[in-house]
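Visitor: mmCIF, C-alpha atoms, saved as run.cif, coming up:
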```cif
data_protein
#
loop_
_atom_site.label_atom_id
_atom_site.label_comp_id
_atom_site.auth_asym_id
_atom_site.auth_seq_id
_atom_site.Cartn_x
_atom_site.Cartn_y
_atom_site.Cartn_z
CA GLY A 1 -46.79 12.81 -46.67
CA ALA A 2 -47.51 16.52 -46.47
CA ILE A 3 -47.69 19.09 -43.70
CA ASN A 4 -50.06 22.03 -43.82
CA TYR A 5 -48.15 24.73 -41.96
CA GLU A 6 -51.19 26.99 -41.62
CA ILE A 7 -53.13 24.51 -39.48
CA GLY A 8 -50.53 21.88 -38.58
CA GLN A 9 -52.38 19.00 -40.23
CA VAL A 10 -50.28 16.10 -41.48
CA HIS A 11 -51.62 14.11 -44.43
CA HIS A 12 -50.14 10.78 -45.37
CA ARG A 13 -50.93 7.86 -47.58
CA GLU A 14 -49.49 4.39 -47.24
CA GLU A 15 -48.65 2.67 -50.50
CA GLU A 16 -46.90 -0.57 -51.35
CA LYS A 17 -44.88 1.12 -54.07
CA ALA A 18 -43.67 4.72 -54.53
CA ASP A 19 -44.49 5.39 -58.15
CA THR A 20 -46.28 8.03 -60.22
CA ALA A 21 -49.69 6.37 -59.79
CA ALA A 22 -49.26 6.37 -55.99
CA PHE A 23 -48.20 10.04 -56.08
CA ILE A 24 -51.28 10.92 -58.14
CA ARG A 25 -53.50 9.14 -55.60
CA PHE A 26 -51.84 11.20 -52.86
CA LEU A 27 -52.45 14.40 -54.82
CA GLU A 28 -56.10 13.39 -55.23
CA ASP A 29 -56.29 12.97 -51.45
CA LEU A 30 -54.93 16.49 -50.98
CA LEU A 31 -57.36 17.93 -53.53
CA SER A 32 -60.21 16.29 -51.62
CA ALA A 33 -58.93 17.52 -48.26
CA TYR A 34 -58.62 21.08 -49.63
CA PRO A 35 -61.46 21.45 -52.15
CA SER A 36 -60.84 25.11 -52.97
CA GLY A 37 -57.90 27.45 -53.43
CA LYS A 38 -54.36 26.89 -54.63
CA ILE A 39 -52.18 24.19 -53.16
CA ALA A 40 -48.41 24.70 -53.25
CA LEU A 41 -46.43 21.56 -52.56
CA VAL A 42 -42.75 21.86 -51.71
CA LEU A 43 -41.06 18.70 -52.92
CA PHE A 44 -37.67 17.10 -53.25
CA ASN A 45 -36.54 16.04 -56.70
CA SER A 46 -37.77 12.48 -56.87
CA ARG A 47 -38.33 10.98 -60.31
CA ILE A 48 -42.02 10.46 -59.53
CA HIS A 49 -42.41 14.19 -58.83
CA HIS A 50 -41.11 15.00 -62.33
CA ALA A 51 -42.63 12.06 -64.21
CA THR A 52 -44.04 12.61 -67.67
CA GLY A 53 -47.14 10.64 -66.63
CA LEU A 54 -47.85 13.27 -63.97
CA GLN A 55 -48.15 16.16 -66.43
CA PRO A 56 -51.72 15.46 -67.67
CA PHE A 57 -52.93 15.27 -64.07
CA LEU A 58 -51.28 18.61 -63.22
CA LYS A 59 -52.82 20.23 -66.32
CA GLU A 60 -56.22 18.91 -65.25
CA HIS A 61 -55.72 20.37 -61.74
CA PRO A 62 -54.12 23.81 -62.16
CA ARG A 63 -54.63 24.67 -58.48
CA LEU A 64 -51.74 22.32 -57.70
CA GLN A 65 -48.37 24.05 -57.88
CA LEU A 66 -45.23 21.97 -57.41
CA VAL A 67 -42.22 23.81 -55.98
CA PHE A 68 -38.95 21.91 -55.98
CA LEU A 69 -36.18 22.15 -53.43
CA PRO A 70 -32.58 22.31 -54.60
CA PRO A 71 -31.03 18.88 -55.19
CA TYR A 72 -29.54 17.12 -52.18
CA SER A 73 -31.13 19.39 -49.58
CA PRO A 74 -33.20 17.18 -47.26
CA ASN A 75 -32.43 19.61 -44.44
CA LEU A 76 -34.79 22.11 -46.16
CA ASN A 77 -37.68 19.66 -46.29
CA PRO A 78 -39.75 19.63 -43.07
CA VAL A 79 -41.34 16.32 -44.04
CA GLU A 80 -37.93 14.70 -43.60
CA GLY A 81 -38.12 15.73 -39.94
CA LEU A 82 -41.51 14.06 -39.72
CA TRP A 83 -40.07 10.79 -41.06
CA LEU A 84 -37.18 10.94 -38.58
CA TRP A 85 -39.66 11.52 -35.75
CA LEU A 86 -41.84 8.65 -36.99
CA LYS A 87 -38.87 6.29 -37.14
CA ALA A 88 -37.70 7.29 -33.66
CA ASP A 89 -41.16 6.87 -32.12
CA VAL A 90 -42.47 3.89 -34.05
CA VAL A 91 -39.89 1.62 -35.61
CA ASN A 92 -36.43 2.14 -34.11
CA ASN A 93 -35.27 -0.87 -32.09
CA ILE A 94 -38.65 -2.63 -32.35
CA PHE A 95 -39.28 -5.96 -34.02
CA PHE A 96 -42.69 -6.30 -35.65
CA GLU A 97 -43.69 -9.86 -36.47
CA LYS A 98 -46.28 -8.77 -39.01
CA PHE A 99 -46.27 -5.89 -41.47
CA TYR A 100 -49.81 -4.87 -40.54
CA LYS A 101 -48.57 -4.08 -37.02
CA ILE A 102 -46.14 -1.52 -38.40
CA ARG A 103 -48.98 0.08 -40.37
CA LEU A 104 -51.13 0.15 -37.23
CA HIS A 105 -48.39 1.90 -35.25
CA VAL A 106 -47.78 4.40 -38.06
CA SER A 107 -51.50 5.24 -38.15
CA GLN A 108 -51.58 5.66 -34.39
CA PHE A 109 -48.56 7.99 -34.58
CA MET A 110 -50.20 10.12 -37.30
CA ASN A 111 -53.46 10.31 -35.34
CA ARG A 112 -51.57 11.33 -32.21
CA ILE A 113 -49.59 14.14 -33.83
CA ASN A 114 -52.67 15.43 -35.66
CA LYS A 115 -54.37 15.93 -32.28
CA GLN A 116 -51.68 18.50 -31.38
CA PRO A 117 -50.98 20.25 -34.69
CA MET A 118 -49.24 23.33 -33.30
CA GLU A 119 -46.81 21.18 -31.32
CA THR A 120 -46.10 19.26 -34.53
CA ILE A 121 -45.30 22.48 -36.36
CA ASP A 122 -43.10 23.72 -33.52
CA ARG A 123 -41.15 20.47 -33.41
CA LEU A 124 -40.60 20.37 -37.16
CA LEU A 125 -39.72 24.05 -37.51
CA VAL A 126 -37.02 23.81 -34.84
CA ARG A 127 -35.25 21.34 -37.12
CA LEU A 128 -34.96 23.85 -40.01
#
```
Using structure tokens, write down the structure that the file contains.

Guide:
Amino acid sequence: GAINYEIGQVHHREEEKADTAAFIRFLEDLLSAYPSGKIALVLFNSRIHHATGLQPFLKEHPRLQLVFLPPYSPNLNPVEGLWLWLKADVVNNIFFEKFYKIRLHVSQFMNRINKQPMETIDRLLVRL
């Protein structure tokens, strides 16, 4: 997931597996959502964010700039606050019989917060 702090838009992509290919698909989504200008992504130090297989894609798309947080600093990553909020609102203390129901509730949550982008920013900035 990613948060655009200029407009408060949250972008997310659901994947079965968190690997380099999934990350590249997410980056493609962001490039489509923002077809011009530079995109600076602030990231934690996951292996998929540093993967060798990612380098050709980044060379092909020089408008993407990856900025890495210091190791072990989730408190500096606003997206971590989004995941905590998502868990609290969607999955904590709820039993879902089918996986698709979790996905449905996650999509509904994302749609809801994207309708009030400035409130989303305010809530996530308070955490920092």

Visitor: Find the distance between CA of Trp83 (chain A) and CA of Ile3 (chain A) and write it in Å to one decimal.

Guide: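 For CA of Trp83 (chain A) relative to CA of Ile3 (chain A), the distance reads 11.6 Å.
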
Visitor: Identify, on the basis of all atoms listed in the file, every residue whose closest approach to region 39-54 of chain A does not exceed 10 Å; exclude the query and any residue fewer than 5 positions from it along the same chain; express the result as a ChimeraX atom specification.

Guide: /A:2-4,18-24,27,30-31,34,59,62-74,76-80

Visitor: Output C-alpha atoms for every residue in the selection just made, as an mmCIF file, keeping the file's coordinate frame.

Guide:
```cif
data_model
loop_
_atom_site.group_PDB
_atom_site.id
_atom_site.type_symbol
_atom_site.label_atom_id
_atom_site.label_comp_id
_atom_site.auth_asym_id
_atom_site.auth_seq_id
_atom_site.Cartn_x
_atom_site.Cartn_y
_atom_site.Cartn_z
ATOM 1 C CA ALA A 2 -47.510 16.520 -46.470
ATOM 2 C CA ILE A 3 -47.690 19.090 -43.700
ATOM 3 C CA ASN A 4 -50.060 22.030 -43.820
ATOM 4 C CA ALA A 18 -43.670 4.720 -54.530
ATOM 5 C CA ASP A 19 -44.490 5.390 -58.150
ATOM 6 C CA THR A 20 -46.280 8.030 -60.220
ATOM 7 C CA ALA A 21 -49.690 6.370 -59.790
ATOM 8 C CA ALA A 22 -49.260 6.370 -55.990
ATOM 9 C CA PHE A 23 -48.200 10.040 -56.080
ATOM 10 C CA ILE A 24 -51.280 10.920 -58.140
ATOM 11 C CA LEU A 27 -52.450 14.400 -54.820
ATOM 12 C CA LEU A 30 -54.930 16.490 -50.980
ATOM 13 C CA LEU A 31 -57.360 17.930 -53.530
ATOM 14 C CA TYR A 34 -58.620 21.080 -49.630
ATOM 15 C CA LYS A 59 -52.820 20.230 -66.320
ATOM 16 C CA PRO A 62 -54.120 23.810 -62.160
ATOM 17 C CA ARG A 63 -54.630 24.670 -58.480
ATOM 18 C CA LEU A 64 -51.740 22.320 -57.700
ATOM 19 C CA GLN A 65 -48.370 24.050 -57.880
ATOM 20 C CA LEU A 66 -45.230 21.970 -57.410
ATOM 21 C CA VAL A 67 -42.220 23.810 -55.980
ATOM 22 C CA PHE A 68 -38.950 21.910 -55.980
ATOM 23 C CA LEU A 69 -36.180 22.150 -53.430
ATOM 24 C CA PRO A 70 -32.580 22.310 -54.600
ATOM 25 C CA PRO A 71 -31.030 18.880 -55.190
ATOM 26 C CA TYR A 72 -29.540 17.120 -52.180
ATOM 27 C CA SER A 73 -31.130 19.390 -49.580
ATOM 28 C CA PRO A 74 -33.200 17.180 -47.260
ATOM 29 C CA LEU A 76 -34.790 22.110 -46.160
ATOM 30 C CA ASN A 77 -37.680 19.660 -46.290
ATOM 31 C CA PRO A 78 -39.750 19.630 -43.070
ATOM 32 C CA VAL A 79 -41.340 16.320 -44.040
ATOM 33 C CA GLU A 80 -37.930 14.700 -43.600
#
```

Visitor: So what do you get for CA of Val90 (chain A) versus CA of Arg123 (chain A), distance-wise?

Guide: 16.6 Å

Visitor: May I have the residues within 12 Å of Ile121 (chain A) as a list in words, using only C-alpha atoms and disregarding those fewer than 4 positions away in the same chain?

Guide: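 So the residues in contact are Ala2, Ile3, Asn4, Tyr5, Glu6, Ile7, Gly8, Gln9, Val10, Pro78, Val79, Gly81, Leu82, Ile113, Asn114, Lys115, Gln116, Pro117, Leu125, Val126, Arg127 and Leu128 of chain A.
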
Visitor: Residues picked by the PyMOL selection byres ((chain A and resi 103) around 12) here, as a list in words?

Guide: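 Written out, the selection comes to His12, Arg13, Glu14, Glu15, Glu16, Leu86, Val90, Val91, Phe96, Glu97, Lys98, Phe99, Tyr100, Lys101, Ile102, Leu104, His105, Val106, Ser107, Gln108, Phe109 and Met110 of chain A.
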
Visitor: Which is closer to Thr120 (chain A) than all the others in A:Trp85, A:Glu60, A:Phe26, A:Pro35, using only C-alpha atoms?

Guide: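 Once distances to Thr120 (chain A) are computed over only C-alpha atoms, the minimum belongs to A:Trp85.
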
Visitor: Go ahead and compute the interatomic distance for CA of Glu28 (chain A) and CA of Leu58 (chain A), in Å to one decimal.

Guide: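 Calculated distance between CA of Glu28 (chain A) and CA of Leu58 (chain A) is 10.7 Å.
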
Visitor: Taking all atoms of region 83-101 of chain A that the file lists, what box with edges along x, y and z, padded by 6 Å per side, do you get, with centre and edge lengths in Å to one decimal, as JSON?

Guide:
```
{"center_x": -42.5, "center_y": 0.8, "center_z": -36.8, "size_x": 26.5, "size_y": 33.4, "size_z": 21.4}
```

Visitor: Counting all atoms listed in the file, which residue out of A:His11, A:Lys17, A:Ile94, A:Arg112 sits closest to Ala33 (chain A)?

Guide: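 Nearest candidate to Ala33 (chain A) out of A:His11, A:Lys17, A:Ile94, A:Arg112: A:His11.
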
Visitor: Taking all atoms listed in the file into account, which of A:Leu124, A:Gly1, A:Ser32, A:Glu119 comes nearest Asn75 (chain A)?

Guide: A:Leu124

Visitor: Give me region 33-65 of chain A with N, CA and C atoms filled in, as a PDB file, in the coordinates of the input.

Guide:
```pdb
ATOM      1  N   ALA A  33     -59.049  16.920 -49.593  1.00  0.00           N
ATOM      2  CA  ALA A  33     -58.930  17.520 -48.260  1.00  0.00           C
ATOM      3  C   ALA A  33     -59.034  19.048 -48.324  1.00  0.00           C
ATOM      4  N   TYR A  34     -58.590  19.630 -49.433  1.00  0.00           N
ATOM      5  CA  TYR A  34     -58.620  21.080 -49.630  1.00  0.00           C
ATOM      6  C   TYR A  34     -59.342  21.366 -50.946  1.00  0.00           C
ATOM      7  N   PRO A  35     -60.680  21.386 -50.908  1.00  0.00           N
ATOM      8  CA  PRO A  35     -61.460  21.450 -52.150  1.00  0.00           C
ATOM      9  C   PRO A  35     -61.437  22.790 -52.878  1.00  0.00           C
ATOM     10  N   SER A  36     -60.892  23.830 -52.270  1.00  0.00           N
ATOM     11  CA  SER A  36     -60.840  25.110 -52.970  1.00  0.00           C
ATOM     12  C   SER A  36     -59.484  25.779 -52.703  1.00  0.00           C
ATOM     13  N   GLY A  37     -59.138  26.700 -53.574  1.00  0.00           N
ATOM     14  CA  GLY A  37     -57.900  27.450 -53.430  1.00  0.00           C
ATOM     15  C   GLY A  37     -56.696  26.722 -54.003  1.00  0.00           C
ATOM     16  N   LYS A  38     -55.605  27.464 -54.109  1.00  0.00           N
ATOM     17  CA  LYS A  38     -54.360  26.890 -54.630  1.00  0.00           C
ATOM     18  C   LYS A  38     -53.666  26.053 -53.566  1.00  0.00           C
ATOM     19  N   ILE A  39     -52.965  25.048 -54.033  1.00  0.00           N
ATOM     20  CA  ILE A  39     -52.180  24.190 -53.160  1.00  0.00           C
ATOM     21  C   ILE A  39     -50.748  24.207 -53.695  1.00  0.00           C
ATOM     22  N   ALA A  40     -49.830  24.698 -52.883  1.00  0.00           N
ATOM     23  CA  ALA A  40     -48.410  24.700 -53.250  1.00  0.00           C
ATOM     24  C   ALA A  40     -47.730  23.594 -52.471  1.00  0.00           C
ATOM     25  N   LEU A  41     -47.148  22.663 -53.181  1.00  0.00           N
ATOM     26  CA  LEU A  41     -46.430  21.560 -52.560  1.00  0.00           C
ATOM     27  C   LEU A  41     -44.934  21.761 -52.750  1.00  0.00           C
ATOM     28  N   VAL A  42     -44.204  21.756 -51.652  1.00  0.00           N
ATOM     29  CA  VAL A  42     -42.750  21.860 -51.710  1.00  0.00           C
ATOM     30  C   VAL A  42     -42.215  20.436 -51.685  1.00  0.00           C
ATOM     31  N   LEU A  43     -41.474  20.087 -52.719  1.00  0.00           N
ATOM     32  CA  LEU A  43     -41.060  18.700 -52.920  1.00  0.00           C
ATOM     33  C   LEU A  43     -39.562  18.581 -53.146  1.00  0.00           C
ATOM     34  N   PHE A  44     -39.034  17.404 -52.844  1.00  0.00           N
ATOM     35  CA  PHE A  44     -37.670  17.100 -53.250  1.00  0.00           C
ATOM     36  C   PHE A  44     -37.722  16.573 -54.679  1.00  0.00           C
ATOM     37  N   ASN A  45     -36.601  16.338 -55.268  1.00  0.00           N
ATOM     38  CA  ASN A  45     -36.540  16.040 -56.700  1.00  0.00           C
ATOM     39  C   ASN A  45     -36.593  14.557 -57.037  1.00  0.00           C
ATOM     40  N   SER A  46     -37.574  13.886 -56.540  1.00  0.00           N
ATOM     41  CA  SER A  46     -37.770  12.480 -56.870  1.00  0.00           C
ATOM     42  C   SER A  46     -38.234  12.347 -58.327  1.00  0.00           C
ATOM     43  N   ARG A  47     -37.893  11.223 -58.937  1.00  0.00           N
ATOM     44  CA  ARG A  47     -38.330  10.980 -60.310  1.00  0.00           C
ATOM     45  C   ARG A  47     -39.852  11.012 -60.431  1.00  0.00           C
ATOM     46  N   ILE A  48     -40.550  10.487 -59.421  1.00  0.00           N
ATOM     47  CA  ILE A  48     -42.020  10.460 -59.530  1.00  0.00           C
ATOM     48  C   ILE A  48     -42.614  11.861 -59.479  1.00  0.00           C
ATOM     49  N   HIS A  49     -41.910  12.816 -58.886  1.00  0.00           N
ATOM     50  CA  HIS A  49     -42.410  14.190 -58.830  1.00  0.00           C
ATOM     51  C   HIS A  49     -42.242  14.914 -60.155  1.00  0.00           C
ATOM     52  N   HIS A  50     -41.376  14.397 -61.015  1.00  0.00           N
ATOM     53  CA  HIS A  50     -41.110  15.000 -62.330  1.00  0.00           C
ATOM     54  C   HIS A  50     -41.605  14.128 -63.481  1.00  0.00           C
ATOM     55  N   ALA A  51     -42.270  13.047 -63.182  1.00  0.00           N
ATOM     56  CA  ALA A  51     -42.630  12.060 -64.210  1.00  0.00           C
ATOM     57  C   ALA A  51     -43.507  12.642 -65.314  1.00  0.00           C
ATOM     58  N   THR A  52     -43.251  12.196 -66.522  1.00  0.00           N
ATOM     59  CA  THR A  52     -44.040  12.610 -67.670  1.00  0.00           C
ATOM     60  C   THR A  52     -45.509  12.245 -67.476  1.00  0.00           C
ATOM     61  N   GLY A  53     -45.766  11.084 -66.869  1.00  0.00           N
ATOM     62  CA  GLY A  53     -47.140  10.640 -66.630  1.00  0.00           C
ATOM     63  C   GLY A  53     -47.904  11.509 -65.659  1.00  0.00           C
ATOM     64  N   LEU A  54     -47.221  12.360 -64.932  1.00  0.00           N
ATOM     65  CA  LEU A  54     -47.850  13.270 -63.970  1.00  0.00           C
ATOM     66  C   LEU A  54     -48.402  14.518 -64.648  1.00  0.00           C
ATOM     67  N   GLN A  55     -47.808  14.889 -65.775  1.00  0.00           N
ATOM     68  CA  GLN A  55     -48.150  16.160 -66.430  1.00  0.00           C
ATOM     69  C   GLN A  55     -49.628  16.299 -66.801  1.00  0.00           C
ATOM     70  N   PRO A  56     -50.274  15.298 -67.375  1.00  0.00           N
ATOM     71  CA  PRO A  56     -51.720  15.460 -67.670  1.00  0.00           C
ATOM     72  C   PRO A  56     -52.547  15.715 -66.415  1.00  0.00           C
ATOM     73  N   PHE A  57     -52.207  15.060 -65.318  1.00  0.00           N
ATOM     74  CA  PHE A  57     -52.930  15.270 -64.070  1.00  0.00           C
ATOM     75  C   PHE A  57     -52.760  16.706 -63.590  1.00  0.00           C
ATOM     76  N   LEU A  58     -51.534  17.233 -63.660  1.00  0.00           N
ATOM     77  CA  LEU A  58     -51.280  18.610 -63.220  1.00  0.00           C
ATOM     78  C   LEU A  58     -51.997  19.618 -64.120  1.00  0.00           C
ATOM     79  N   LYS A  59     -52.082  19.340 -65.410  1.00  0.00           N
ATOM     80  CA  LYS A  59     -52.820  20.230 -66.320  1.00  0.00           C
ATOM     81  C   LYS A  59     -54.312  20.215 -66.005  1.00  0.00           C
ATOM     82  N   GLU A  60     -54.804  19.066 -65.597  1.00  0.00           N
ATOM     83  CA  GLU A  60     -56.220  18.910 -65.250  1.00  0.00           C
ATOM     84  C   GLU A  60     -56.546  19.597 -63.911  1.00  0.00           C
ATOM     85  N   HIS A  61     -55.538  19.777 -63.071  1.00  0.00           N
ATOM     86  CA  HIS A  61     -55.720  20.370 -61.740  1.00  0.00           C
ATOM     87  C   HIS A  61     -54.747  21.549 -61.567  1.00  0.00           C
ATOM     88  N   PRO A  62     -55.054  22.674 -62.204  1.00  0.00           N
ATOM     89  CA  PRO A  62     -54.120  23.810 -62.160  1.00  0.00           C
ATOM     90  C   PRO A  62     -53.965  24.449 -60.784  1.00  0.00           C
ATOM     91  N   ARG A  63     -54.827  24.101 -59.818  1.00  0.00           N
ATOM     92  CA  ARG A  63     -54.630  24.670 -58.480  1.00  0.00           C
ATOM     93  C   ARG A  63     -53.454  24.049 -57.754  1.00  0.00           C
ATOM     94  N   LEU A  64     -52.936  22.945 -58.277  1.00  0.00           N
ATOM     95  CA  LEU A  64     -51.740  22.320 -57.700  1.00  0.00           C
ATOM     96  C   LEU A  64     -50.494  22.986 -58.289  1.00  0.00           C
ATOM     97  N   GLN A  65     -49.648  23.482 -57.438  1.00  0.00           N
ATOM     98  CA  GLN A  65     -48.370  24.050 -57.880  1.00  0.00           C
ATOM     99  C   GLN A  65     -47.260  23.292 -57.183  1.00  0.00           C
TER     100      GLN A  65
END
```
